[in-house]
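Novice: The structure's right below; bear with me while I get my questions together.
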Amino acid sequence: MENQSSTTNKASSPVVDQKIKDPDAARPNNFTPPLNEAFPYGKQPIRGINLGGWLVLEPFITPHVFEESVANGTVKDEWELCEKLGPEKAKETLDNHYKSFITEEDFKKIAEMGFNHVRIPLGHWSLRVFPGEPFVPHVSWEYLLKGIEWARKYGLRVMVELHTAPGSQNGWNHSGKEGKVGWLDGTKQGDINAQDTVDVVTQMIEYFNKPQYANVVTLFGVLNEPAMMKIPKKRVRSWYDTSYKAIRKVLGAGKGPLLTYHDGFAPLEDWEGFFDNGFERVILETHLYLSFDDYLVKLPRQKQLEFPCNTWKPSIKTAGAKVGLTMVGEFSIATNDCGKFLNGVGSGARFDGTLEPLEEGVTPPGTCVGASDWKNYTTEYNQFLKTFMEKQMDSYEGSVGWFYWTYKTQDHINPLWDYLLAYEQGWAPKDANVRDTHCPAVTTTKSIKQEEED
């Protein structure tokens, strides 16, 4: 991977000439080729941002939507929200959210921050609502298309990403429905849901398989986070193969956006050789969060700062060499899981021992008191956050690059997941291409256990 970071401190700004006739001549900054030139994936890193909570609701990103839309308490996911509001009110509520939470000004700001890609999570209901589902159809799709055109205007490339599957591929609220996994769960309906997901994916691919999208929709996430700790690995791998063949049938050999497949929370080395059998133009996607790991949240801050460079960077680099192109599709600067609704509406946190009952004699890692009170963060903690941010950015450029999760949270309710706030407060670089902190050269990979023992 070439080092594309500059030593200057000049901030990026969108390179947009409104008089240019070619709509794909724009670029977000001088570090990035214009849209009408191929982006050199694997040579220049993706430096991207997620638009989480926009077209797929998440309670921890937009809690007010869940708290204020329904009388007599909150709801836990988009399914329940739509169910309780009813079709017309749900459509009105979601339309108001879509048009206000992310606007053209945000895409302009993203370009100014130095990013070169945006990842836009999307629900399957944007195209199809299946029998028994209460979701609002089609409206989010229209906003996706608006977002793509805003991205085009500011020279940003887009990763369209299917974030949900009928039946739920992981049982988490951001799959649309919290609870049990009803996708590839060994039942007839689970198999139907899996085939319906292939149909949605191919429908999306068919739509974007047009010349006007070739330069802007350059990445496609086939399915977010299928939970292979809940679904047998063999079934997920088989579905990956099936979906890939269906997509390739639409696109043809060597054509279309690069496809990303999530690691399913399996170790990256488990995927060695998988993509060697007939796959082309694919990326292995992984999501790296310190905040959800019981070992890592207990480490002293200095050890947490060292972990991305010592462990994640060589891991990504090794996967890039042995598996194929590897990308970090999500990460954050959170070192605890104290954020409001982060683990679900009504759930506590691992960090203070309120998520699940602790075993006798076990002490929680810390307290959540003040964890989100960003206005009172100390100067020392602010510097820790910036260093942790930049070390992760550097670590994840060992192969294809990264997308931060997420661009913003409502009223900055969860600051450690809010890049816009980080940018404003100095916990993020003023230009994603110009950073103060880099990893030292690392030749060995330390395990989580080794980090704890050091």
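Naming scheme: A, B, ... for chains in displayed order of the structure tokens; residues 1 onward per chain; ligands 1 onward as shown.
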Counting only C-alpha atoms, what is within 8 Å of stretch 198-210 of chain A, bar same-chain residues fewer than 3 positions away, as a list of chain:residue names?
Specialist: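 Once the adjacent positions are removed, what remains is A:His124, A:Leu127, A:Arg128, A:Leu162, A:Ala194, A:Gln195, A:Tyr213, A:Ala214, A:Val217, A:Val222, A:Thr242, A:Ser243, A:Ala246, A:Ile247, A:Val250, A:Leu251, A:Gly256.
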Novice: Using the selection just defined, write its residues with C-alpha atoms as a PDB file, in the first residue's frame.
Specialist:
```pdb
ATOM      1  CA  HIS A 124     -34.030  -4.801   1.850  1.00  0.00           C
ATOM      2  CA  LEU A 127     -36.955  -2.519  -2.869  1.00  0.00           C
ATOM      3  CA  ARG A 128     -39.156  -5.288  -1.496  1.00  0.00           C
ATOM      4  CA  LEU A 162     -27.356  -4.278   1.960  1.00  0.00           C
ATOM      5  CA  ALA A 194     -31.974 -16.545   2.091  1.00  0.00           C
ATOM      6  CA  GLN A 195     -33.209 -16.911  -1.490  1.00  0.00           C
ATOM      7  CA  TYR A 213     -23.489   4.573 -12.142  1.00  0.00           C
ATOM      8  CA  ALA A 214     -20.242   2.913 -13.200  1.00  0.00           C
ATOM      9  CA  VAL A 217     -21.180   3.231  -7.305  1.00  0.00           C
ATOM     10  CA  VAL A 222     -23.556  -7.983  -0.498  1.00  0.00           C
ATOM     11  CA  THR A 242     -24.746 -18.709  -4.518  1.00  0.00           C
ATOM     12  CA  SER A 243     -25.119 -14.937  -4.295  1.00  0.00           C
ATOM     13  CA  ALA A 246     -26.183 -14.767  -9.268  1.00  0.00           C
ATOM     14  CA  ILE A 247     -24.444 -11.377  -9.240  1.00  0.00           C
ATOM     15  CA  VAL A 250     -25.967 -10.171 -14.118  1.00  0.00           C
ATOM     16  CA  LEU A 251     -22.672  -8.325 -14.449  1.00  0.00           C
ATOM     17  CA  GLY A 256     -19.286  -4.112 -12.248  1.00  0.00           C
TER      18      GLY A 256
END
```
Novice: Using only C-alpha atoms, which residues sit within 6 Å of stretch 90-104 of chain A once same-chain residues fewer than 4 positions away are excluded, as a list in words?
Specialist: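 Returned residues: Cys82, Leu85, Gly86, Val136 and Trp150 of chain A.
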Novice: Might you pull out every residue within 9 Å of stretch 105-118 of chain A, with only C-alpha atoms counted and same-chain residues fewer than 2 positions away left off, and present them as a PyMOL selection string?
Specialist: chain A and resi 11-15+27-29+31-32+46-51+102-103+120+147+150-151+153-160+403+407+420+423+429-434
Novice: Store the residues of this selection in a file with N, CA, C and O atoms, as a short mmCIF file (atom, residue, chain, number, x, y, z; two decimals), in the first residue's frame.
Specialist:
```cif
data_model
loop_
_atom_site.label_atom_id
_atom_site.label_comp_id
_atom_site.auth_asym_id
_atom_site.auth_seq_id
_atom_site.Cartn_x
_atom_site.Cartn_y
_atom_site.Cartn_z
N ALA A 11 -5.93 21.61 4.53
CA ALA A 11 -7.13 20.78 4.55
C ALA A 11 -7.65 20.53 3.14
O ALA A 11 -7.46 21.34 2.23
N SER A 12 -8.32 19.38 2.99
CA SER A 12 -8.93 19.06 1.71
C SER A 12 -10.15 19.95 1.47
O SER A 12 -10.77 20.43 2.40
N SER A 13 -10.48 20.13 0.23
CA SER A 13 -11.72 20.79 -0.13
C SER A 13 -12.20 20.19 -1.43
O SER A 13 -11.39 19.78 -2.27
N PRO A 14 -13.53 20.09 -1.60
CA PRO A 14 -14.04 19.48 -2.83
C PRO A 14 -13.57 20.22 -4.07
O PRO A 14 -13.59 21.46 -4.11
N VAL A 15 -13.11 19.48 -5.05
CA VAL A 15 -12.67 20.07 -6.30
C VAL A 15 -13.85 19.98 -7.27
O VAL A 15 -14.03 18.98 -7.96
N ARG A 27 -13.89 15.68 -8.11
CA ARG A 27 -13.17 14.87 -7.14
C ARG A 27 -13.24 15.57 -5.79
O ARG A 27 -13.33 16.81 -5.72
N PRO A 28 -13.20 14.82 -4.69
CA PRO A 28 -13.43 15.44 -3.38
C PRO A 28 -12.25 16.24 -2.87
O PRO A 28 -12.41 17.11 -2.01
N ASN A 29 -11.06 15.93 -3.36
CA ASN A 29 -9.85 16.60 -2.90
C ASN A 29 -8.72 16.27 -3.87
O ASN A 29 -8.88 15.43 -4.77
N PHE A 31 -6.10 14.66 -3.37
CA PHE A 31 -5.49 13.36 -3.15
C PHE A 31 -6.18 12.26 -3.97
O PHE A 31 -5.67 11.14 -4.07
N THR A 32 -7.37 12.55 -4.48
CA THR A 32 -8.25 11.53 -5.05
C THR A 32 -8.48 11.78 -6.53
O THR A 32 -8.76 12.91 -6.93
N ILE A 46 -8.91 3.34 0.49
CA ILE A 46 -10.22 3.90 0.77
C ILE A 46 -10.13 4.63 2.10
O ILE A 46 -9.64 4.08 3.09
N ARG A 47 -10.58 5.85 2.13
CA ARG A 47 -10.73 6.60 3.37
C ARG A 47 -12.17 7.08 3.39
O ARG A 47 -12.52 8.09 2.77
N GLY A 48 -13.01 6.31 4.06
CA GLY A 48 -14.44 6.52 3.91
C GLY A 48 -15.18 6.69 5.22
O GLY A 48 -14.66 6.47 6.31
N ILE A 49 -16.44 7.08 5.07
CA ILE A 49 -17.31 7.32 6.21
C ILE A 49 -18.64 6.61 5.97
O ILE A 49 -19.13 6.55 4.85
N ASN A 50 -19.20 6.05 7.04
CA ASN A 50 -20.51 5.41 6.98
C ASN A 50 -21.62 6.42 7.25
O ASN A 50 -21.48 7.28 8.14
N LEU A 51 -22.71 6.29 6.55
CA LEU A 51 -23.91 7.07 6.84
C LEU A 51 -24.88 6.18 7.60
O LEU A 51 -26.00 5.91 7.18
N ILE A 102 -29.67 13.50 6.90
CA ILE A 102 -28.55 13.66 5.96
C ILE A 102 -29.03 14.48 4.77
O ILE A 102 -30.06 14.18 4.18
N THR A 103 -28.27 15.53 4.43
CA THR A 103 -28.63 16.40 3.32
C THR A 103 -27.41 16.58 2.40
O THR A 103 -26.32 16.07 2.69
N ILE A 120 -23.17 3.54 2.31
CA ILE A 120 -24.57 3.83 2.62
C ILE A 120 -25.30 2.52 2.90
O ILE A 120 -25.64 1.77 1.98
N GLY A 147 -28.77 10.55 -2.55
CA GLY A 147 -27.45 10.54 -1.94
C GLY A 147 -26.35 10.25 -2.94
O GLY A 147 -25.27 10.84 -2.89
N TRP A 150 -25.69 13.38 -4.88
CA TRP A 150 -24.94 14.34 -4.07
C TRP A 150 -23.47 13.92 -3.99
O TRP A 150 -22.57 14.76 -4.06
N ALA A 151 -23.25 12.62 -3.83
CA ALA A 151 -21.87 12.12 -3.81
C ALA A 151 -21.18 12.42 -5.13
O ALA A 151 -20.03 12.87 -5.16
N LYS A 153 -21.74 14.81 -7.19
CA LYS A 153 -21.48 16.24 -7.30
C LYS A 153 -20.16 16.63 -6.62
O LYS A 153 -19.43 17.50 -7.11
N TYR A 154 -19.85 15.94 -5.51
CA TYR A 154 -18.64 16.29 -4.76
C TYR A 154 -17.52 15.28 -4.96
O TYR A 154 -16.52 15.29 -4.22
N GLY A 155 -17.65 14.44 -5.97
CA GLY A 155 -16.56 13.54 -6.35
C GLY A 155 -16.35 12.36 -5.43
O GLY A 155 -15.28 11.74 -5.46
N LEU A 156 -17.35 12.03 -4.62
CA LEU A 156 -17.24 10.92 -3.67
C LEU A 156 -17.75 9.63 -4.30
O LEU A 156 -18.82 9.61 -4.91
N ARG A 157 -16.99 8.57 -4.16
CA ARG A 157 -17.46 7.25 -4.61
C ARG A 157 -18.32 6.62 -3.52
O ARG A 157 -18.12 6.88 -2.34
N VAL A 158 -19.25 5.78 -3.95
CA VAL A 158 -20.26 5.24 -3.04
C VAL A 158 -20.15 3.73 -2.95
O VAL A 158 -19.99 3.03 -3.96
N MET A 159 -20.25 3.24 -1.72
CA MET A 159 -20.48 1.82 -1.48
C MET A 159 -21.92 1.66 -1.04
O MET A 159 -22.31 2.10 0.05
N VAL A 160 -22.74 1.06 -1.91
CA VAL A 160 -24.11 0.70 -1.53
C VAL A 160 -24.03 -0.63 -0.81
O VAL A 160 -23.38 -1.57 -1.29
N PHE A 403 -13.70 2.42 6.43
CA PHE A 403 -14.84 3.32 6.59
C PHE A 403 -15.08 3.48 8.09
O PHE A 403 -15.21 2.49 8.81
N TYR A 407 -20.91 8.69 10.61
CA TYR A 407 -20.73 10.12 10.34
C TYR A 407 -21.22 10.98 11.50
O TYR A 407 -20.54 11.92 11.91
N LEU A 420 -18.48 13.56 13.02
CA LEU A 420 -18.67 15.00 12.87
C LEU A 420 -18.27 15.72 14.15
O LEU A 420 -17.58 16.75 14.11
N TYR A 423 -14.52 15.56 14.57
CA TYR A 423 -13.90 16.54 13.67
C TYR A 423 -13.95 17.93 14.29
O TYR A 423 -12.96 18.68 14.28
N PRO A 429 -8.57 14.01 12.58
CA PRO A 429 -7.74 14.94 11.80
C PRO A 429 -8.62 15.91 11.01
O PRO A 429 -9.73 15.58 10.62
N LYS A 430 -8.11 17.09 10.78
CA LYS A 430 -8.85 18.06 9.97
C LYS A 430 -8.90 17.65 8.51
O LYS A 430 -9.70 18.17 7.73
N ASP A 431 -8.05 16.74 8.14
CA ASP A 431 -8.04 16.17 6.80
C ASP A 431 -7.67 14.70 6.96
O ASP A 431 -6.61 14.38 7.50
N ALA A 432 -8.54 13.81 6.52
CA ALA A 432 -8.29 12.37 6.68
C ALA A 432 -7.01 11.93 5.96
O ALA A 432 -6.47 10.86 6.27
N ASN A 433 -6.51 12.75 5.05
CA ASN A 433 -5.29 12.43 4.31
C ASN A 433 -4.03 12.99 4.97
O ASN A 433 -2.92 12.69 4.54
N VAL A 434 -4.21 13.82 6.00
CA VAL A 434 -3.08 14.50 6.65
C VAL A 434 -3.15 14.21 8.14
O VAL A 434 -3.95 14.80 8.85
#
```
Novice: I'd like to know which of A:Lys245, A:His412, A:Lys230, A:Arg152 is closest to A:Ser168, using only C-alpha atoms.
Specialist: A:Lys230
Novice: At a cut-off of 9 Å, using only C-alpha atoms, what residues contact A:Trp141? Leave out same-chain residues fewer than 4 positions from it and give the result as an MDAnalysis selection string.
Specialist: chainID A and resid 55 122:123 125:127 137 145:146
Novice: Go ahead and save the residues from that selection, with N, CA and C atoms, as a CSV table (one decimal), in the first residue's frame.
Specialist:
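Okay, part-v7.csv is ready:
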```
chain,number,residue,atom,x,y,z
A,55,LEU,N,-30.7,5.5,6.3
A,55,LEU,CA,-31.7,4.7,5.6
A,55,LEU,C,-32.0,3.4,6.3
A,122,LEU,N,-28.4,0.1,3.6
A,122,LEU,CA,-29.7,0.1,3.0
A,122,LEU,C,-30.5,-1.1,3.5
A,123,GLY,N,-31.8,-1.0,3.7
A,123,GLY,CA,-32.6,-2.1,4.1
A,123,GLY,C,-33.2,-2.8,2.9
A,125,TRP,N,-36.1,-3.7,2.4
A,125,TRP,CA,-37.4,-3.1,2.2
A,125,TRP,C,-37.4,-1.9,1.3
A,126,SER,N,-36.2,-1.4,1.0
A,126,SER,CA,-36.1,-0.2,0.1
A,126,SER,C,-36.6,-0.7,-1.3
A,127,LEU,N,-36.5,-2.0,-1.6
A,127,LEU,CA,-37.0,-2.5,-2.9
A,127,LEU,C,-38.1,-3.5,-2.7
A,137,PRO,N,-42.0,0.5,2.3
A,137,PRO,CA,-41.2,0.2,1.0
A,137,PRO,C,-40.9,1.5,0.2
A,145,LEU,N,-30.9,7.2,-4.0
A,145,LEU,CA,-30.5,7.8,-5.3
A,145,LEU,C,-30.2,9.2,-5.2
A,146,LYS,N,-30.8,10.0,-4.3
A,146,LYS,CA,-30.5,11.4,-4.1
A,146,LYS,C,-29.0,11.4,-3.5
```
Novice: Of the candidates A:Ala371, A:Met327, A:Val216, A:Leu421, which shows the shortest atom-to-atom distance to A:Pro23, using only C-alpha atoms?
Specialist: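 Closest candidate: A:Val216.
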Novice: So that I can check the surroundings of A:Gly171, please list as a list in words every protein, DNA and RNA residue that reaches within 6 Å of it, counting only C-alpha atoms and ignoring chain neighbours fewer than 4 positions away.
Specialist: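 Near A:Gly171, the qualifying residues are Glu178, Gly179, Lys180 and Val181 of chain A.
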Novice: Go ahead and write the residues just picked, N, CA and C atoms, as an mmCIF file, in the first residue's frame.
Specialist:
```
data_model
loop_
_atom_site.group_PDB
_atom_site.id
_atom_site.type_symbol
_atom_site.label_atom_id
_atom_site.label_comp_id
_atom_site.auth_asym_id
_atom_site.auth_seq_id
_atom_site.Cartn_x
_atom_site.Cartn_y
_atom_site.Cartn_z
ATOM 1 N N GLU A 178 -34.914 -6.983 15.894
ATOM 2 C CA GLU A 178 -34.131 -7.569 16.984
ATOM 3 C C GLU A 178 -34.786 -8.862 17.453
ATOM 4 N N GLY A 179 -33.948 -9.833 17.813
ATOM 5 C CA GLY A 179 -34.491 -11.090 18.321
ATOM 6 C C GLY A 179 -33.790 -12.280 17.706
ATOM 7 N N LYS A 180 -34.565 -13.239 17.290
ATOM 8 C CA LYS A 180 -33.963 -14.464 16.769
ATOM 9 C C LYS A 180 -33.530 -14.304 15.317
ATOM 10 N N VAL A 181 -32.572 -15.115 14.923
ATOM 11 C CA VAL A 181 -32.122 -15.173 13.535
ATOM 12 C C VAL A 181 -33.082 -16.078 12.764
#
```
Novice: Could you give me, as number ranges by chain, the residues within 6 Å of A:Phe331, counting only C-alpha atoms and dropping anything in the same chain fewer than 6 positions from it?
Specialist: A: 288-289, 404-405
Novice: Would you mind reading off the distance between atom CA of A:Pro365 and atom CA of A:Asp352, one decimal, in Å?
Specialist: 6.3 Å
Novice: Would you list, as a CSV table (one decimal) with N, CA and C atoms, in the first residue's frame, the residues of stretch 279-427 of chain A that end up in helix (DSSP H, G or I) under DSSP run on this structure's backbone?
Specialist:
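Result file states_11.csv:
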```csv
chain,number,residue,atom,x,y,z
A,296,LEU,N,-10.2,-6.4,25.6
A,296,LEU,CA,-9.6,-5.1,25.2
A,296,LEU,C,-10.1,-3.9,26.0
A,297,VAL,N,-11.4,-3.9,26.4
A,297,VAL,CA,-11.9,-2.8,27.2
A,297,VAL,C,-11.2,-2.7,28.6
A,298,LYS,N,-10.5,-3.8,29.0
A,298,LYS,CA,-9.9,-3.7,30.3
A,298,LYS,C,-8.4,-3.2,30.2
A,301,ARG,N,-5.0,2.4,28.8
A,301,ARG,CA,-5.1,3.2,27.6
A,301,ARG,C,-3.9,3.1,26.7
A,302,GLN,N,-2.7,3.1,27.3
A,302,GLN,CA,-1.5,3.0,26.4
A,302,GLN,C,-1.5,1.7,25.6
A,303,LYS,N,-1.9,0.6,26.3
A,303,LYS,CA,-2.0,-0.7,25.6
A,303,LYS,C,-3.1,-0.6,24.5
A,304,GLN,N,-4.2,0.1,24.8
A,304,GLN,CA,-5.3,0.2,23.8
A,304,GLN,C,-4.7,1.0,22.6
A,305,LEU,N,-3.9,2.0,22.8
A,305,LEU,CA,-3.3,2.8,21.7
A,305,LEU,C,-2.4,1.9,20.9
A,306,GLU,N,-1.7,1.0,21.5
A,306,GLU,CA,-0.8,0.2,20.8
A,306,GLU,C,-1.4,-1.0,20.0
A,307,PHE,N,-2.6,-1.4,20.4
A,307,PHE,CA,-3.2,-2.6,19.9
A,307,PHE,C,-3.5,-2.5,18.4
A,308,PRO,N,-4.1,-1.4,17.8
A,308,PRO,CA,-4.3,-1.4,16.4
A,308,PRO,C,-3.0,-1.6,15.6
A,309,CYS,N,-1.9,-1.0,16.0
A,309,CYS,CA,-0.7,-1.1,15.2
A,309,CYS,C,0.0,-2.5,15.4
A,310,ASN,N,-0.1,-3.0,16.6
A,310,ASN,CA,0.6,-4.3,17.0
A,310,ASN,C,-0.2,-5.5,16.5
A,311,THR,N,-1.5,-5.4,16.4
A,311,THR,CA,-2.3,-6.6,16.2
A,311,THR,C,-3.2,-6.4,14.9
A,312,TRP,N,-4.0,-5.4,14.8
A,312,TRP,CA,-4.9,-5.3,13.7
A,312,TRP,C,-4.1,-5.0,12.4
A,313,LYS,N,-3.1,-4.1,12.4
A,313,LYS,CA,-2.4,-3.8,11.2
A,313,LYS,C,-1.8,-5.0,10.5
A,314,PRO,N,-1.0,-5.8,11.3
A,314,PRO,CA,-0.4,-7.0,10.6
A,314,PRO,C,-1.4,-8.0,10.2
A,315,SER,N,-2.5,-8.1,11.0
A,315,SER,CA,-3.6,-9.0,10.6
A,315,SER,C,-4.2,-8.7,9.3
A,316,ILE,N,-4.5,-7.4,9.1
A,316,ILE,CA,-5.1,-6.9,7.8
A,316,ILE,C,-4.1,-7.1,6.7
A,317,LYS,N,-2.8,-6.8,7.0
A,317,LYS,CA,-1.8,-7.0,5.9
A,317,LYS,C,-1.6,-8.4,5.5
A,318,THR,N,-1.7,-9.3,6.5
A,318,THR,CA,-1.6,-10.8,6.2
A,318,THR,C,-2.8,-11.2,5.4
A,319,ALA,N,-4.0,-10.8,5.8
A,319,ALA,CA,-5.2,-11.2,5.1
A,319,ALA,C,-5.1,-10.7,3.7
A,320,GLY,N,-4.6,-9.4,3.5
A,320,GLY,CA,-4.5,-8.9,2.1
A,320,GLY,C,-3.6,-9.7,1.3
A,321,ALA,N,-2.6,-10.4,1.9
A,321,ALA,CA,-1.7,-11.2,1.1
A,321,ALA,C,-2.2,-12.6,0.9
A,322,LYS,N,-2.9,-13.2,1.9
A,322,LYS,CA,-3.2,-14.6,1.8
A,322,LYS,C,-4.7,-14.8,1.4
A,374,TRP,N,-19.1,14.6,26.6
A,374,TRP,CA,-17.9,15.0,25.9
A,374,TRP,C,-17.5,16.5,26.2
A,375,LYS,N,-18.4,17.3,26.7
A,375,LYS,CA,-18.0,18.7,27.0
A,375,LYS,C,-17.1,18.7,28.1
A,376,ASN,N,-17.0,17.7,28.9
A,376,ASN,CA,-16.1,17.7,30.1
A,376,ASN,C,-15.0,16.7,30.0
A,379,THR,N,-8.3,17.3,28.5
A,379,THR,CA,-7.3,17.5,27.4
A,379,THR,C,-6.6,16.2,27.1
A,380,GLU,N,-6.2,15.5,28.2
A,380,GLU,CA,-5.5,14.2,28.0
A,380,GLU,C,-6.3,13.2,27.3
A,381,TYR,N,-7.6,13.1,27.6
A,381,TYR,CA,-8.5,12.1,27.0
A,381,TYR,C,-8.8,12.5,25.5
A,382,ASN,N,-8.9,13.8,25.3
A,382,ASN,CA,-9.1,14.3,23.9
A,382,ASN,C,-7.9,13.8,23.0
A,383,GLN,N,-6.7,14.0,23.6
A,383,GLN,CA,-5.5,13.6,22.8
A,383,GLN,C,-5.5,12.1,22.6
A,384,PHE,N,-5.9,11.3,23.6
A,384,PHE,CA,-6.0,9.9,23.5
A,384,PHE,C,-6.9,9.5,22.3
A,385,LEU,N,-8.1,10.1,22.3
A,385,LEU,CA,-9.0,9.8,21.2
A,385,LEU,C,-8.5,10.1,19.8
A,386,LYS,N,-7.8,11.2,19.7
A,386,LYS,CA,-7.2,11.6,18.4
A,386,LYS,C,-6.1,10.6,18.0
A,387,THR,N,-5.3,10.2,18.9
A,387,THR,CA,-4.2,9.3,18.6
A,387,THR,C,-4.8,7.9,18.3
A,388,PHE,N,-5.8,7.5,19.0
A,388,PHE,CA,-6.4,6.2,18.8
A,388,PHE,C,-7.1,6.2,17.4
A,389,MET,N,-7.7,7.3,17.1
A,389,MET,CA,-8.4,7.4,15.7
A,389,MET,C,-7.3,7.3,14.6
A,390,GLU,N,-6.2,8.0,14.7
A,390,GLU,CA,-5.2,8.0,13.6
A,390,GLU,C,-4.5,6.7,13.6
A,391,LYS,N,-4.2,6.1,14.7
A,391,LYS,CA,-3.5,4.8,14.6
A,391,LYS,C,-4.4,3.7,14.0
A,392,GLN,N,-5.7,3.8,14.2
A,392,GLN,CA,-6.6,2.9,13.5
A,392,GLN,C,-6.6,3.1,12.0
A,393,MET,N,-6.7,4.4,11.7
A,393,MET,CA,-6.7,4.7,10.2
A,393,MET,C,-5.5,4.2,9.5
A,394,ASP,N,-4.3,4.4,10.2
A,394,ASP,CA,-3.1,3.9,9.6
A,394,ASP,C,-3.0,2.4,9.5
A,395,SER,N,-3.5,1.7,10.6
A,395,SER,CA,-3.5,0.3,10.6
A,395,SER,C,-4.3,-0.3,9.5
A,396,TYR,N,-5.4,0.3,9.2
A,396,TYR,CA,-6.4,-0.4,8.3
A,396,TYR,C,-6.0,-0.1,6.8
A,397,GLU,N,-5.0,0.7,6.6
A,397,GLU,CA,-4.5,0.9,5.2
A,397,GLU,C,-3.5,-0.1,4.8
A,398,GLY,N,-3.4,-1.2,5.5
A,398,GLY,CA,-2.5,-2.3,5.1
A,398,GLY,C,-3.0,-3.1,3.9
A,410,GLN,N,-27.5,11.6,16.5
A,410,GLN,CA,-28.5,12.6,16.7
A,410,GLN,C,-28.1,13.5,18.0
A,411,ASP,N,-28.0,14.8,17.8
A,411,ASP,CA,-27.6,15.7,18.8
A,411,ASP,C,-26.3,15.3,19.5
A,412,HIS,N,-25.4,14.6,18.8
A,412,HIS,CA,-24.1,14.1,19.4
A,412,HIS,C,-24.3,13.2,20.6
A,415,PRO,N,-21.0,10.4,21.6
A,415,PRO,CA,-19.9,11.1,21.0
A,415,PRO,C,-18.7,10.2,20.4
A,416,LEU,N,-18.5,9.0,21.0
A,416,LEU,CA,-17.4,8.2,20.5
A,416,LEU,C,-17.8,7.5,19.2
A,417,TRP,N,-19.0,7.7,18.7
A,417,TRP,CA,-19.4,7.1,17.5
A,417,TRP,C,-19.8,8.2,16.5
A,419,TYR,N,-18.3,11.0,14.1
A,419,TYR,CA,-17.2,11.6,13.4
A,419,TYR,C,-17.3,13.1,13.3
A,420,LEU,N,-18.5,13.6,13.0
A,420,LEU,CA,-18.7,15.0,12.9
A,420,LEU,C,-18.3,15.7,14.2
A,421,LEU,N,-18.7,15.2,15.3
A,421,LEU,CA,-18.3,15.8,16.6
A,421,LEU,C,-16.8,15.6,16.8
A,422,ALA,N,-16.2,14.5,16.5
A,422,ALA,CA,-14.8,14.3,16.6
A,422,ALA,C,-14.0,15.3,15.8
A,423,TYR,N,-14.5,15.6,14.6
A,423,TYR,CA,-13.9,16.5,13.7
A,423,TYR,C,-14.0,17.9,14.3
A,424,GLU,N,-15.1,18.3,14.9
A,424,GLU,CA,-15.3,19.6,15.4
A,424,GLU,C,-14.5,19.8,16.7
A,425,GLN,N,-14.3,18.7,17.5
A,425,GLN,CA,-13.6,18.8,18.8
A,425,GLN,C,-12.1,18.5,18.7
```
Novice: From the list A:Thr286, A:Asn215, A:Ser347, A:Gln189, which residue is nearest A:Ala26 when using only C-alpha atoms?
Specialist: A:Asn215
Novice: For atom CA of A:Phe292 and atom CA of A:Pro364, determine how far apart the two atoms are, in Å to one decimal place.
Specialist: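 Separation of atom CA of A:Phe292 and atom CA of A:Pro364: 13.4 Å.
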Novice: Per DSSP on the backbone, what are the strand (DSSP E) residues of stretch 77-237 of chain A, as a ChimeraX atom specification?
Specialist: /A:117-122,157-162,217-221
Novice: Could you work out how far atom CA of A:Leu284 lies from atom CA of A:Lys177, giving the answer in Å with one decimal?
Specialist: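 According to the coordinates, atom CA of A:Lys177 and atom CA of A:Leu284 are separated by 25.3 Å.
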Novice: Considering only C-alpha atoms, can you say which of A:Met229, A:Ile283, A:Ala165, A:Ile148 comes closest to A:Asp196?
Specialist: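 Of A:Met229, A:Ile283, A:Ala165, A:Ile148, the one nearest A:Asp196 is A:Ala165, counting only C-alpha atoms.
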Novice: Give me, as a ChimeraX atom specification, all polymer residues having an atom no more than 12 Å from A:Asn277, counting only C-alpha atoms and skipping those fewer than 5 positions away in the same chain.
Specialist: /A:240-241,244-245,271-272,282,323
